[in-house]
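Asks: Structure file coords08.cif, mmCIF, C-alpha atoms, is pasted below:
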data_entry
#
loop_
_atom_site.group_PDB
_atom_site.id
_atom_site.type_symbol
_atom_site.label_atom_id
_atom_site.label_comp_id
_atom_site.auth_asym_id
_atom_site.auth_seq_id
_atom_site.Cartn_x
_atom_site.Cartn_y
_atom_site.Cartn_z
ATOM 1 C CA MET A 1 -43.837 -42.489 -97.744
ATOM 2 C CA MET A 2 -44.504 -42.716 -94.006
ATOM 3 C CA THR A 3 -47.837 -41.832 -92.504
ATOM 4 C CA LYS A 4 -48.042 -39.247 -89.706
ATOM 5 C CA GLU A 5 -48.362 -42.074 -87.197
ATOM 6 C CA GLU A 6 -45.258 -43.794 -88.589
ATOM 7 C CA GLN A 7 -43.320 -40.536 -88.537
ATOM 8 C CA GLN A 8 -44.368 -39.902 -84.945
ATOM 9 C CA ALA A 9 -43.345 -43.423 -83.950
ATOM 10 C CA TYR A 10 -39.980 -43.028 -85.690
ATOM 11 C CA PHE A 11 -39.162 -39.732 -83.965
ATOM 12 C CA GLU A 12 -40.286 -41.036 -80.588
ATOM 13 C CA LYS A 13 -38.036 -44.074 -81.028
ATOM 14 C CA ARG A 14 -35.118 -41.848 -82.055
ATOM 15 C CA ARG A 15 -35.678 -39.588 -79.061
ATOM 16 C CA GLN A 16 -35.690 -42.589 -76.729
ATOM 17 C CA GLU A 17 -32.437 -43.902 -78.236
ATOM 18 C CA ILE A 18 -30.754 -40.544 -77.619
ATOM 19 C CA TYR A 19 -32.305 -40.274 -74.132
ATOM 20 C CA ASP A 20 -30.875 -43.649 -73.134
ATOM 21 C CA LYS A 21 -27.334 -42.484 -73.933
ATOM 22 C CA TYR A 22 -27.433 -39.632 -71.394
ATOM 23 C CA ARG A 23 -26.559 -40.307 -67.770
ATOM 24 C CA ILE A 24 -28.202 -37.335 -66.029
ATOM 25 C CA LYS A 25 -31.875 -37.123 -66.965
ATOM 26 C CA THR A 26 -33.393 -34.450 -64.706
ATOM 27 C CA GLN A 27 -32.611 -31.254 -62.824
ATOM 28 C CA GLU A 28 -32.873 -33.145 -59.533
ATOM 29 C CA GLN A 29 -30.302 -35.696 -60.683
ATOM 30 C CA PHE A 30 -28.058 -32.871 -61.883
ATOM 31 C CA ILE A 31 -28.091 -31.188 -58.465
ATOM 32 C CA GLU A 32 -27.370 -34.523 -56.782
ATOM 33 C CA GLU A 33 -24.415 -35.248 -59.097
ATOM 34 C CA CYS A 34 -22.996 -31.762 -58.533
ATOM 35 C CA ARG A 35 -23.091 -32.204 -54.772
ATOM 36 C CA LYS A 36 -21.425 -35.632 -55.042
ATOM 37 C CA ALA A 37 -18.651 -34.002 -57.101
ATOM 38 C CA GLU A 38 -18.328 -31.193 -54.507
ATOM 39 C CA ILE A 39 -19.422 -28.555 -56.985
ATOM 40 C CA PRO A 40 -20.835 -25.541 -55.064
ATOM 41 C CA ASP A 41 -24.460 -24.586 -55.710
ATOM 42 C CA ASP A 42 -23.437 -21.005 -56.540
ATOM 43 C CA TRP A 43 -21.384 -22.135 -59.545
ATOM 44 C CA TYR A 44 -24.506 -22.660 -61.635
ATOM 45 C CA SER A 45 -28.022 -21.366 -62.194
ATOM 46 C CA PHE A 46 -31.093 -22.539 -64.072
ATOM 47 C CA THR A 47 -31.591 -19.267 -65.919
ATOM 48 C CA HIS A 48 -29.219 -17.515 -68.321
ATOM 49 C CA ASP A 49 -26.638 -15.811 -66.085
ATOM 50 C CA ARG A 50 -23.124 -15.044 -67.362
ATOM 51 C CA SER A 51 -21.977 -14.149 -63.852
ATOM 52 C CA LYS A 52 -22.025 -17.894 -63.086
ATOM 53 C CA PRO A 53 -19.407 -20.324 -64.444
ATOM 54 C CA VAL A 54 -22.291 -22.337 -65.943
ATOM 55 C CA SER A 55 -25.935 -21.452 -66.473
ATOM 56 C CA ILE A 56 -28.764 -23.381 -68.090
ATOM 57 C CA ASP A 57 -32.056 -22.426 -69.709
ATOM 58 C CA GLU A 58 -34.597 -24.439 -71.699
ATOM 59 C CA ASP A 59 -32.343 -25.345 -74.623
ATOM 60 C CA THR A 60 -28.877 -23.845 -74.000
ATOM 61 C CA VAL A 61 -25.902 -24.367 -71.686
ATOM 62 C CA TYR A 62 -23.799 -21.219 -71.167
ATOM 63 C CA TYR A 63 -20.235 -21.396 -69.850
ATOM 64 C CA GLY A 64 -17.286 -19.066 -69.501
ATOM 65 C CA LYS A 65 -17.555 -15.597 -70.991
ATOM 66 C CA ILE A 66 -18.908 -16.508 -74.422
ATOM 67 C CA GLY A 67 -19.223 -20.297 -74.576
ATOM 68 C CA LYS A 68 -22.603 -21.904 -75.179
ATOM 69 C CA THR A 69 -24.075 -25.190 -76.406
ATOM 70 C CA ILE A 70 -27.581 -25.352 -77.878
ATOM 71 C CA VAL A 71 -29.186 -28.782 -77.423
ATOM 72 C CA SER A 72 -31.799 -30.523 -79.547
ATOM 73 C CA TYR A 73 -33.574 -32.150 -76.570
ATOM 74 C CA ASP A 74 -33.977 -30.547 -73.162
ATOM 75 C CA PHE A 75 -32.578 -33.583 -71.276
ATOM 76 C CA GLN A 76 -29.225 -33.134 -73.079
ATOM 77 C CA ARG A 77 -28.560 -30.039 -70.970
ATOM 78 C CA TRP A 78 -27.636 -31.864 -67.816
ATOM 79 C CA ASP A 79 -24.698 -34.011 -68.949
ATOM 80 C CA ASN A 80 -23.347 -31.073 -70.930
ATOM 81 C CA ALA A 81 -23.601 -28.634 -68.013
ATOM 82 C CA PHE A 82 -22.083 -31.134 -65.587
ATOM 83 C CA GLU A 83 -19.111 -31.675 -67.922
ATOM 84 C CA GLN A 84 -18.507 -27.915 -68.128
ATOM 85 C CA LEU A 85 -18.621 -27.635 -64.338
ATOM 86 C CA LEU A 86 -16.052 -30.412 -63.962
ATOM 87 C CA LYS A 87 -13.773 -28.549 -66.386
ATOM 88 C CA TYR A 88 -14.245 -25.354 -64.392
ATOM 89 C CA LYS A 89 -13.497 -27.153 -61.136
ATOM 90 C CA LYS A 90 -10.304 -28.610 -62.597
ATOM 91 C CA GLU A 91 -9.246 -25.154 -63.769
ATOM 92 C CA ARG A 92 -9.913 -23.645 -60.334
ATOM 93 C CA GLN A 93 -7.870 -26.366 -58.658
ATOM 94 C CA TRP A 94 -4.981 -25.707 -61.013
ATOM 95 C CA GLU A 95 -5.128 -21.959 -60.379
ATOM 96 C CA GLN A 96 -4.747 -22.671 -56.668
ATOM 97 C CA SER A 97 -1.670 -24.842 -57.235
ATOM 98 C CA VAL A 98 1.925 -23.599 -57.106
ATOM 99 C CA GLU A 99 2.413 -23.850 -60.878
ATOM 100 C CA LEU A 100 3.011 -20.570 -62.707
ATOM 101 C CA TYR A 101 1.847 -21.945 -66.048
ATOM 102 C CA ARG A 102 1.090 -25.104 -67.987
ATOM 103 C CA ILE A 103 1.640 -25.997 -71.628
ATOM 104 C CA ASP A 104 -1.711 -27.080 -73.069
ATOM 105 C CA ASN A 105 -0.589 -28.041 -76.553
ATOM 106 C CA ILE A 106 2.317 -27.951 -78.995
ATOM 107 C CA LYS A 107 1.402 -27.989 -82.660
ATOM 108 C CA TRP A 108 2.819 -27.491 -86.137
ATOM 109 C CA GLU A 109 1.323 -24.585 -88.066
ATOM 110 C CA SER A 110 1.922 -23.481 -91.643
ATOM 111 C CA ASN A 111 1.223 -20.393 -93.720
ATOM 112 C CA ALA A 112 -1.469 -22.259 -95.673
ATOM 113 C CA GLU A 113 -4.844 -23.832 -94.914
ATOM 114 C CA ILE A 114 -4.171 -27.563 -95.220
ATOM 115 C CA THR A 115 -7.131 -29.844 -95.906
ATOM 116 C CA SER A 116 -5.293 -33.176 -96.206
ATOM 117 C CA PHE A 117 -1.914 -34.882 -96.381
ATOM 118 C CA HIS A 118 -0.794 -37.424 -98.999
ATOM 119 C CA GLY A 119 2.627 -38.826 -98.211
ATOM 120 C CA ASN A 120 5.105 -36.042 -98.988
ATOM 121 C CA SER A 121 2.375 -33.772 -100.350
ATOM 122 C CA ALA A 122 -0.398 -31.655 -98.859
ATOM 123 C CA THR A 123 -3.606 -30.293 -100.357
ATOM 124 C CA ILE A 124 -4.108 -26.638 -99.437
ATOM 125 C CA ARG A 125 -7.136 -24.373 -99.826
ATOM 126 C CA ARG A 126 -7.632 -20.748 -100.832
ATOM 127 C CA VAL A 127 -10.724 -18.624 -101.442
ATOM 128 C CA ALA A 128 -11.396 -15.784 -103.874
ATOM 129 C CA PHE A 129 -13.964 -13.027 -103.355
ATOM 130 C CA THR A 130 -13.657 -11.323 -106.754
ATOM 131 C CA LYS A 131 -13.189 -12.302 -110.412
ATOM 132 C CA GLU A 132 -9.736 -10.684 -110.354
ATOM 133 C CA GLU A 133 -8.690 -12.877 -107.408
ATOM 134 C CA GLU A 134 -10.035 -15.962 -109.213
ATOM 135 C CA GLN A 135 -7.986 -15.179 -112.322
ATOM 136 C CA ALA A 136 -4.852 -14.601 -110.241
ATOM 137 C CA LEU A 137 -5.259 -17.922 -108.412
ATOM 138 C CA LYS A 138 -5.834 -19.824 -111.665
ATOM 139 C CA ALA A 139 -2.676 -18.255 -113.086
ATOM 140 C CA GLU A 140 -0.772 -19.574 -110.065
ATOM 141 C CA GLY A 141 -1.992 -23.120 -110.684
ATOM 142 C CA TRP A 142 -4.901 -23.210 -108.233
ATOM 143 C CA ILE A 143 -7.759 -25.563 -109.203
ATOM 144 C CA TYR A 144 -11.419 -24.488 -108.975
ATOM 145 C CA ASP A 145 -13.589 -26.459 -106.511
ATOM 146 C CA ASN A 146 -16.927 -24.699 -106.107
ATOM 147 C CA TYR A 147 -18.710 -21.451 -105.328
ATOM 148 C CA ASP A 148 -20.075 -21.018 -101.807
ATOM 149 C CA GLN A 149 -23.337 -19.133 -102.277
ATOM 150 C CA TYR A 150 -23.813 -18.616 -98.531
ATOM 151 C CA MET A 151 -20.359 -17.116 -97.905
ATOM 152 C CA CYS A 152 -20.094 -15.573 -101.408
ATOM 153 C CA TYR A 153 -16.626 -16.816 -102.274
ATOM 154 C CA THR A 154 -15.018 -19.333 -104.631
ATOM 155 C CA ASN A 155 -12.999 -22.280 -103.294
ATOM 156 C CA PHE A 156 -9.720 -23.374 -104.881
ATOM 157 C CA HIS A 157 -7.198 -26.064 -104.005
ATOM 158 C CA LYS A 158 -3.624 -26.994 -104.886
ATOM 159 C CA THR A 159 -1.385 -29.946 -104.049
ATOM 160 C CA ILE A 160 2.178 -29.051 -103.047
ATOM 161 C CA ASP A 161 5.233 -30.588 -101.396
ATOM 162 C CA ILE A 162 5.028 -30.115 -97.651
ATOM 163 C CA THR A 163 8.608 -28.843 -97.474
ATOM 164 C CA SER A 164 7.628 -25.768 -99.520
ATOM 165 C CA LEU A 165 5.367 -24.530 -96.709
ATOM 166 C CA LYS A 166 6.549 -21.941 -94.233
ATOM 167 C CA SER A 167 5.937 -23.501 -90.824
ATOM 168 C CA VAL A 168 6.355 -22.765 -87.114
ATOM 169 C CA ILE A 169 5.958 -24.555 -83.802
ATOM 170 C CA VAL A 170 3.085 -23.123 -81.737
ATOM 171 C CA PHE A 171 3.063 -23.408 -77.953
ATOM 172 C CA GLU A 172 -0.409 -22.926 -76.446
ATOM 173 C CA PHE A 173 -0.392 -22.395 -72.690
ATOM 174 C CA THR A 174 -2.325 -21.151 -69.675
ATOM 175 C CA LYS A 175 -0.512 -18.748 -67.340
ATOM 176 C CA ILE A 176 -1.320 -17.441 -63.886
ATOM 177 C CA THR A 177 -1.513 -13.648 -64.150
ATOM 178 C CA ASP A 178 1.404 -12.130 -62.214
ATOM 179 C CA GLU A 179 2.080 -8.579 -61.040
ATOM 180 C CA ARG A 180 4.171 -7.793 -64.113
ATOM 181 C CA ASP A 181 1.275 -8.793 -66.376
ATOM 182 C CA LYS A 182 -1.123 -6.612 -64.401
ATOM 183 C CA LYS A 183 1.182 -3.592 -64.516
ATOM 184 C CA GLU A 184 2.168 -3.840 -68.179
ATOM 185 C CA PHE A 185 -1.076 -5.029 -69.776
ATOM 186 C CA GLY A 186 -3.814 -4.458 -67.188
ATOM 187 C CA PHE A 187 -4.768 -8.142 -67.084
ATOM 188 C CA LYS A 188 -7.426 -8.901 -64.476
ATOM 189 C CA ASP A 189 -8.268 -12.591 -64.833
ATOM 190 C CA LYS A 190 -6.655 -15.071 -62.444
ATOM 191 C CA SER A 191 -5.286 -17.073 -65.394
ATOM 192 C CA MET A 192 -5.311 -16.527 -69.154
ATOM 193 C CA LYS A 193 -4.601 -18.413 -72.365
ATOM 194 C CA GLY A 194 -1.593 -17.463 -74.462
ATOM 195 C CA SER A 195 0.466 -18.714 -77.381
ATOM 196 C CA TYR A 196 3.895 -18.274 -78.892
ATOM 197 C CA ARG A 197 5.418 -19.331 -82.227
ATOM 198 C CA TYR A 198 8.978 -20.553 -82.643
ATOM 199 C CA PRO A 199 10.733 -21.339 -85.919
ATOM 200 C CA VAL A 200 11.018 -25.095 -86.451
ATOM 201 C CA PRO A 201 14.415 -26.078 -84.938
ATOM 202 C CA LYS A 202 16.815 -27.007 -87.741
ATOM 203 C CA ASP A 203 18.050 -30.148 -85.983
ATOM 204 C CA MET A 204 14.438 -31.383 -85.558
ATOM 205 C CA GLU A 205 13.017 -30.224 -88.885
ATOM 206 C CA GLU A 206 13.294 -33.583 -90.646
ATOM 207 C CA TYR A 207 11.692 -35.493 -87.759
ATOM 208 C CA ILE A 208 8.859 -32.987 -87.313
ATOM 209 C CA THR A 209 8.132 -32.857 -91.050
ATOM 210 C CA SER A 210 8.100 -36.659 -91.200
ATOM 211 C CA SER A 211 5.665 -36.835 -88.262
ATOM 212 C CA VAL A 212 3.344 -34.257 -89.830
ATOM 213 C CA ARG A 213 3.437 -36.106 -93.147
ATOM 214 C CA ARG A 214 2.354 -39.339 -91.475
ATOM 215 C CA THR A 215 -0.281 -38.138 -89.031
ATOM 216 C CA GLY A 216 -0.869 -34.433 -89.624
ATOM 217 C CA GLU A 217 0.609 -33.487 -86.250
ATOM 218 C CA ILE A 218 3.717 -33.622 -84.068
ATOM 219 C CA SER A 219 4.259 -36.926 -82.260
ATOM 220 C CA GLU A 220 4.212 -37.014 -78.453
ATOM 221 C CA PRO A 221 7.965 -37.838 -78.150
ATOM 222 C CA LEU A 222 8.762 -34.811 -80.332
ATOM 223 C CA LYS A 223 6.397 -32.626 -78.290
ATOM 224 C CA ASN A 224 8.263 -33.666 -75.152
ATOM 225 C CA MET A 225 11.584 -32.747 -76.771
ATOM 226 C CA LEU A 226 10.217 -29.337 -77.783
ATOM 227 C CA ARG A 227 8.775 -28.819 -74.308
ATOM 228 C CA ARG A 228 12.145 -29.453 -72.670
ATOM 229 C CA ARG A 229 13.911 -27.171 -75.134
ATOM 230 C CA PHE A 230 11.637 -24.139 -74.834
ATOM 231 C CA GLU A 231 9.825 -24.348 -71.487
ATOM 232 C CA LYS A 232 12.393 -22.178 -69.656
ATOM 233 C CA SER A 233 12.316 -19.376 -72.220
ATOM 234 C CA LEU A 234 8.637 -19.527 -73.249
ATOM 235 C CA LEU A 235 7.117 -17.118 -70.743
ATOM 236 C CA GLU A 236 9.804 -14.455 -71.124
ATOM 237 C CA ASP A 237 9.736 -14.697 -74.915
ATOM 238 C CA GLU A 238 5.946 -14.338 -74.947
ATOM 239 C CA PHE A 239 5.957 -11.441 -72.476
ATOM 240 C CA LEU A 240 8.528 -9.471 -74.485
ATOM 241 C CA ALA A 241 6.596 -10.172 -77.711
ATOM 242 C CA LEU A 242 3.399 -8.854 -76.103
ATOM 243 C CA VAL A 243 5.209 -5.688 -74.992
ATOM 244 C CA GLN A 244 6.285 -5.175 -78.606
ATOM 245 C CA LEU A 245 2.790 -6.027 -79.870
ATOM 246 C CA LYS A 246 1.228 -3.472 -77.555
ATOM 247 C CA LYS A 247 3.585 -0.749 -78.819
ATOM 248 C CA ASP A 248 3.594 -1.578 -82.548
ATOM 249 C CA HIS A 249 -0.128 -2.317 -82.724
ATOM 250 C CA ARG A 250 -1.137 0.918 -81.007
ATOM 251 C CA GLN A 251 1.143 2.994 -83.243
ATOM 252 C CA ALA A 252 -0.179 1.280 -86.375
ATOM 253 C CA LEU A 253 -3.768 2.034 -85.370
ATOM 254 C CA PHE A 254 -2.970 5.666 -84.572
ATOM 255 C CA ASP A 255 -1.129 6.045 -87.905
ATOM 256 C CA ALA A 256 -4.216 4.674 -89.680
ATOM 257 C CA ILE A 257 -6.492 7.435 -88.383
ATOM 258 C CA ASN A 258 -7.705 9.563 -91.298
ATOM 259 C CA LYS A 259 -10.378 12.195 -90.698
ATOM 260 C CA SER A 260 -11.404 12.100 -94.382
ATOM 261 C CA LEU A 261 -12.598 8.500 -94.117
ATOM 262 C CA SER A 262 -16.165 7.456 -93.361
ATOM 263 C CA GLU A 263 -16.740 5.475 -90.169
ATOM 264 C CA ASP A 264 -16.886 2.160 -92.044
ATOM 265 C CA GLU A 265 -13.760 3.043 -94.048
ATOM 266 C CA GLN A 266 -11.931 3.986 -90.855
ATOM 267 C CA LYS A 267 -12.869 0.675 -89.227
ATOM 268 C CA SER A 268 -11.545 -1.169 -92.290
ATOM 269 C CA ALA A 269 -8.314 0.835 -92.130
ATOM 270 C CA PHE A 270 -7.926 -0.121 -88.462
ATOM 271 C CA ALA A 271 -8.518 -3.803 -89.274
ATOM 272 C CA GLU A 272 -5.921 -3.775 -92.055
ATOM 273 C CA ALA A 273 -3.355 -2.029 -89.837
ATOM 274 C CA SER A 274 -4.021 -4.500 -87.042
ATOM 275 C CA ASN A 275 -3.604 -7.520 -89.334
ATOM 276 C CA ARG A 276 -0.266 -6.254 -90.662
ATOM 277 C CA VAL A 277 1.180 -5.997 -87.162
ATOM 278 C CA GLU A 278 -0.331 -9.202 -85.761
ATOM 279 C CA MET A 279 0.937 -11.308 -88.675
ATOM 280 C CA LEU A 280 4.517 -10.409 -87.723
ATOM 281 C CA ASN A 281 4.260 -10.938 -83.968
ATOM 282 C CA PRO A 282 4.890 -14.473 -82.615
ATOM 283 C CA ALA A 283 2.585 -13.999 -79.601
ATOM 284 C CA ALA A 284 -0.472 -12.754 -81.531
ATOM 285 C CA ASP A 285 -3.518 -15.022 -81.834
ATOM 286 C CA ASN A 286 -7.255 -14.786 -82.492
ATOM 287 C CA TYR A 287 -8.625 -16.440 -79.342
ATOM 288 C CA PHE A 288 -11.232 -14.386 -77.486
ATOM 289 C CA ASP A 289 -9.906 -13.037 -74.174
ATOM 290 C CA SER A 290 -6.441 -14.532 -74.703
ATOM 291 C CA ARG A 291 -3.453 -12.517 -73.528
ATOM 292 C CA SER A 292 -2.776 -11.021 -76.968
ATOM 293 C CA HIS A 293 -6.473 -10.421 -77.647
ATOM 294 C CA VAL A 294 -6.819 -8.311 -74.499
ATOM 295 C CA VAL A 295 -3.729 -6.286 -75.501
ATOM 296 C CA THR A 296 -5.030 -5.521 -78.998
ATOM 297 C CA HIS A 297 -8.600 -4.955 -77.773
ATOM 298 C CA LYS A 298 -7.404 -2.216 -75.410
ATOM 299 C CA ASN A 299 -5.521 -0.604 -78.314
ATOM 300 C CA PHE A 300 -8.642 -0.676 -80.474
ATOM 301 C CA ASP A 301 -10.581 1.071 -77.698
ATOM 302 C CA LEU A 302 -7.959 3.844 -77.598
ATOM 303 C CA ALA A 303 -7.867 4.182 -81.392
ATOM 304 C CA TYR A 304 -11.654 4.271 -81.709
ATOM 305 C CA GLU A 305 -11.806 6.975 -79.045
ATOM 306 C CA LYS A 306 -9.057 8.982 -80.739
ATOM 307 C CA ALA A 307 -10.875 8.703 -84.093
ATOM 308 C CA GLY A 308 -14.219 9.650 -82.538
ATOM 309 C CA ILE A 309 -15.836 6.288 -83.257
ATOM 310 C CA LYS A 310 -18.139 4.715 -80.670
#
Could you show the structure in this file as structure tokens?

Replies:
Amino acid sequence: MMTKEEQQAYFEKRRQEIYDKYRIKTQEQFIEECRKAEIPDDWYSFTHDRSKPVSIDEDTVYYGKIGKTIVSYDFQRWDNAFEQLLKYKKERQWEQSVELYRIDNIKWESNAEITSFHGNSATIRRVAFTKEEEQALKAEGWIYDNYDQYMCYTNFHKTIDITSLKSVIVFEFTKITDERDKKEFGFKDKSMKGSYRYPVPKDMEEYITSSVRRTGEISEPLKNMLRRRFEKSLLEDEFLALVQLKKDHRQALFDAINKSLSEDEQKSAFAEASNRVEMLNPAADNYFDSRSHVVTHKNFDLAYEKAGIK
């Protein structure tokens, strides 16, 4: 067992090792590096301020609308904040370019939560919140893992053939907000994240499945093939899907209004109605402030007002 002096020496040594790995050590150095990188002074502040692209307090770096990183040592703030500012600068430069949109990622997505791949097989995960759900999963061949006392659910797993999964190709992109977006959806941000899901093309299914089996993702050559195939239709397909989402989602929320429900019950009814619609729409996602999130959020505001919920 270490003495207090030994513990203090150990932690001081560990702190020094971490300190040595960071390039920017002080606020003065941070300001100097920002000016070298042509980052304007008004893009950051040294107090918590969400009106700035990046703000910094004693132990946290805030960025974007909700992003934040809490650091263990105060000197870790500077590298982290500088990195976020470089990302913001790159995004601003892109927004000022002539490109209408960019594809950020293309990925394979299935209807199950996959934890690992094993050749032609995949291990998938499910959770149960009640004894009835546990019994149903066991009857379907799911294997008990453990009980999560913090989250209050039971974990199960099952190994299946990857070809039995229902899968789609997901395009994640960033799009400059145009006049049509503003008129139809009320978007206000200069650019926004979006996504769209396509069925796996039949003529590429074998190659994509093989790539996912080997590495868990689509290979770069296959991504390029998918990009060429769908890049001309992507924006129109996503826009039309969002128009449909706006209509179907709002109607589902309005249909779920029931004056006999308590406020909590009404909120649950709204959530269930929302999930049913979003699961069927190829442009729906769960990313905060994405294009689909803003559409559904506006609908929730209308439904809450109509139901008399604040």

Asks: Return as a ChimeraX atom specification the set of residues that the PyMOL selection byres ((chain A and resi 277-285) around 6) yields on the displayed structure.

Replies: /A:195-197,238,241,249,274-276,286-287,292

Asks: I'd like the interatomic distance between CA of Pro201 in chain A and CA of Leu235 in chain A, to a tenth of an Å.

Replies: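 So the two atoms, CA of Pro201 in chain A and CA of Leu235 in chain A, lie 18.3 Å apart.
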
Asks: For range 211-229 of chain A, I'd like the enclosing box, axis-aligned and padded by 6 Å on every side, reported as AutoDock Vina command-line options with centre and edge lengths in Å to one decimal.

Replies:
--center_x 6.5 --center_y -33.3 --center_z -82.9 --size_x 26.8 --size_y 24.2 --size_z 32.5

Asks: Quick one: pull the distance between CA of Glu83 in chain A and CA of Ile39 in chain A, Å, one decimal.

Replies: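 Here the two named atoms are 11.4 Å from each other.
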
Asks: Evaluate the PyMOL selection byres ((chain A and resi 71-77) around 9) on the structure here and hand back the selected residues as a PyMOL selection string.

Replies: chain A and resi 15+18-19+22+24-27+56-61+69-70+78-82

Asks: Working from the structure I just supplied, which lacks atoms in range 46-59 of chain A, can you model N, CA, C and O atoms there and output them as a CSV table (one decimal), in the coordinates of the input?

Replies:
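Wrote it out as out.csv, contents follow:
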chain,number,residue,atom,x,y,z
A,46,PHE,N,-30.2,-22.0,-63.1
A,46,PHE,CA,-31.1,-22.5,-64.1
A,46,PHE,C,-31.8,-21.5,-64.9
A,46,PHE,O,-32.8,-21.7,-65.5
A,47,THR,N,-31.2,-20.3,-65.0
A,47,THR,CA,-31.6,-19.3,-65.9
A,47,THR,C,-30.3,-18.7,-66.5
A,47,THR,O,-29.2,-18.8,-65.9
A,48,HIS,N,-30.4,-18.1,-67.7
A,48,HIS,CA,-29.2,-17.5,-68.3
A,48,HIS,C,-28.6,-16.5,-67.4
A,48,HIS,O,-29.2,-15.4,-67.1
A,49,ASP,N,-27.3,-16.7,-67.0
A,49,ASP,CA,-26.6,-15.8,-66.1
A,49,ASP,C,-25.1,-15.9,-66.3
A,49,ASP,O,-24.5,-16.9,-65.8
A,50,ARG,N,-24.6,-15.0,-67.0
A,50,ARG,CA,-23.1,-15.0,-67.4
A,50,ARG,C,-22.2,-14.8,-66.2
A,50,ARG,O,-21.0,-14.9,-66.2
A,51,SER,N,-22.8,-14.3,-65.1
A,51,SER,CA,-22.0,-14.1,-63.9
A,51,SER,C,-21.6,-15.5,-63.2
A,51,SER,O,-20.7,-15.6,-62.3
A,52,LYS,N,-22.3,-16.6,-63.6
A,52,LYS,CA,-22.0,-17.9,-63.1
A,52,LYS,C,-21.1,-18.6,-64.0
A,52,LYS,O,-21.1,-18.4,-65.3
A,53,PRO,N,-20.2,-19.5,-63.5
A,53,PRO,CA,-19.4,-20.3,-64.4
A,53,PRO,C,-20.2,-21.1,-65.5
A,53,PRO,O,-19.8,-21.2,-66.6
A,54,VAL,N,-21.4,-21.6,-65.0
A,54,VAL,CA,-22.3,-22.3,-65.9
A,54,VAL,C,-23.7,-21.9,-65.6
A,54,VAL,O,-24.1,-21.9,-64.5
A,55,SER,N,-24.5,-21.7,-66.7
A,55,SER,CA,-25.9,-21.5,-66.5
A,55,SER,C,-26.7,-22.2,-67.6
A,55,SER,O,-26.2,-22.5,-68.6
A,56,ILE,N,-28.0,-22.5,-67.3
A,56,ILE,CA,-28.8,-23.4,-68.1
A,56,ILE,C,-30.2,-22.8,-68.3
A,56,ILE,O,-30.8,-22.4,-67.3
A,57,ASP,N,-30.6,-22.7,-69.5
A,57,ASP,CA,-32.1,-22.4,-69.7
A,57,ASP,C,-32.7,-23.6,-70.5
A,57,ASP,O,-32.2,-24.7,-70.5
A,58,GLU,N,-33.8,-23.3,-71.1
A,58,GLU,CA,-34.6,-24.4,-71.7
A,58,GLU,C,-33.8,-25.3,-72.7
A,58,GLU,O,-34.0,-26.5,-72.9
A,59,ASP,N,-33.0,-24.6,-73.5
A,59,ASP,CA,-32.3,-25.3,-74.6
A,59,ASP,C,-30.9,-25.0,-74.8
A,59,ASP,O,-30.2,-25.4,-75.8
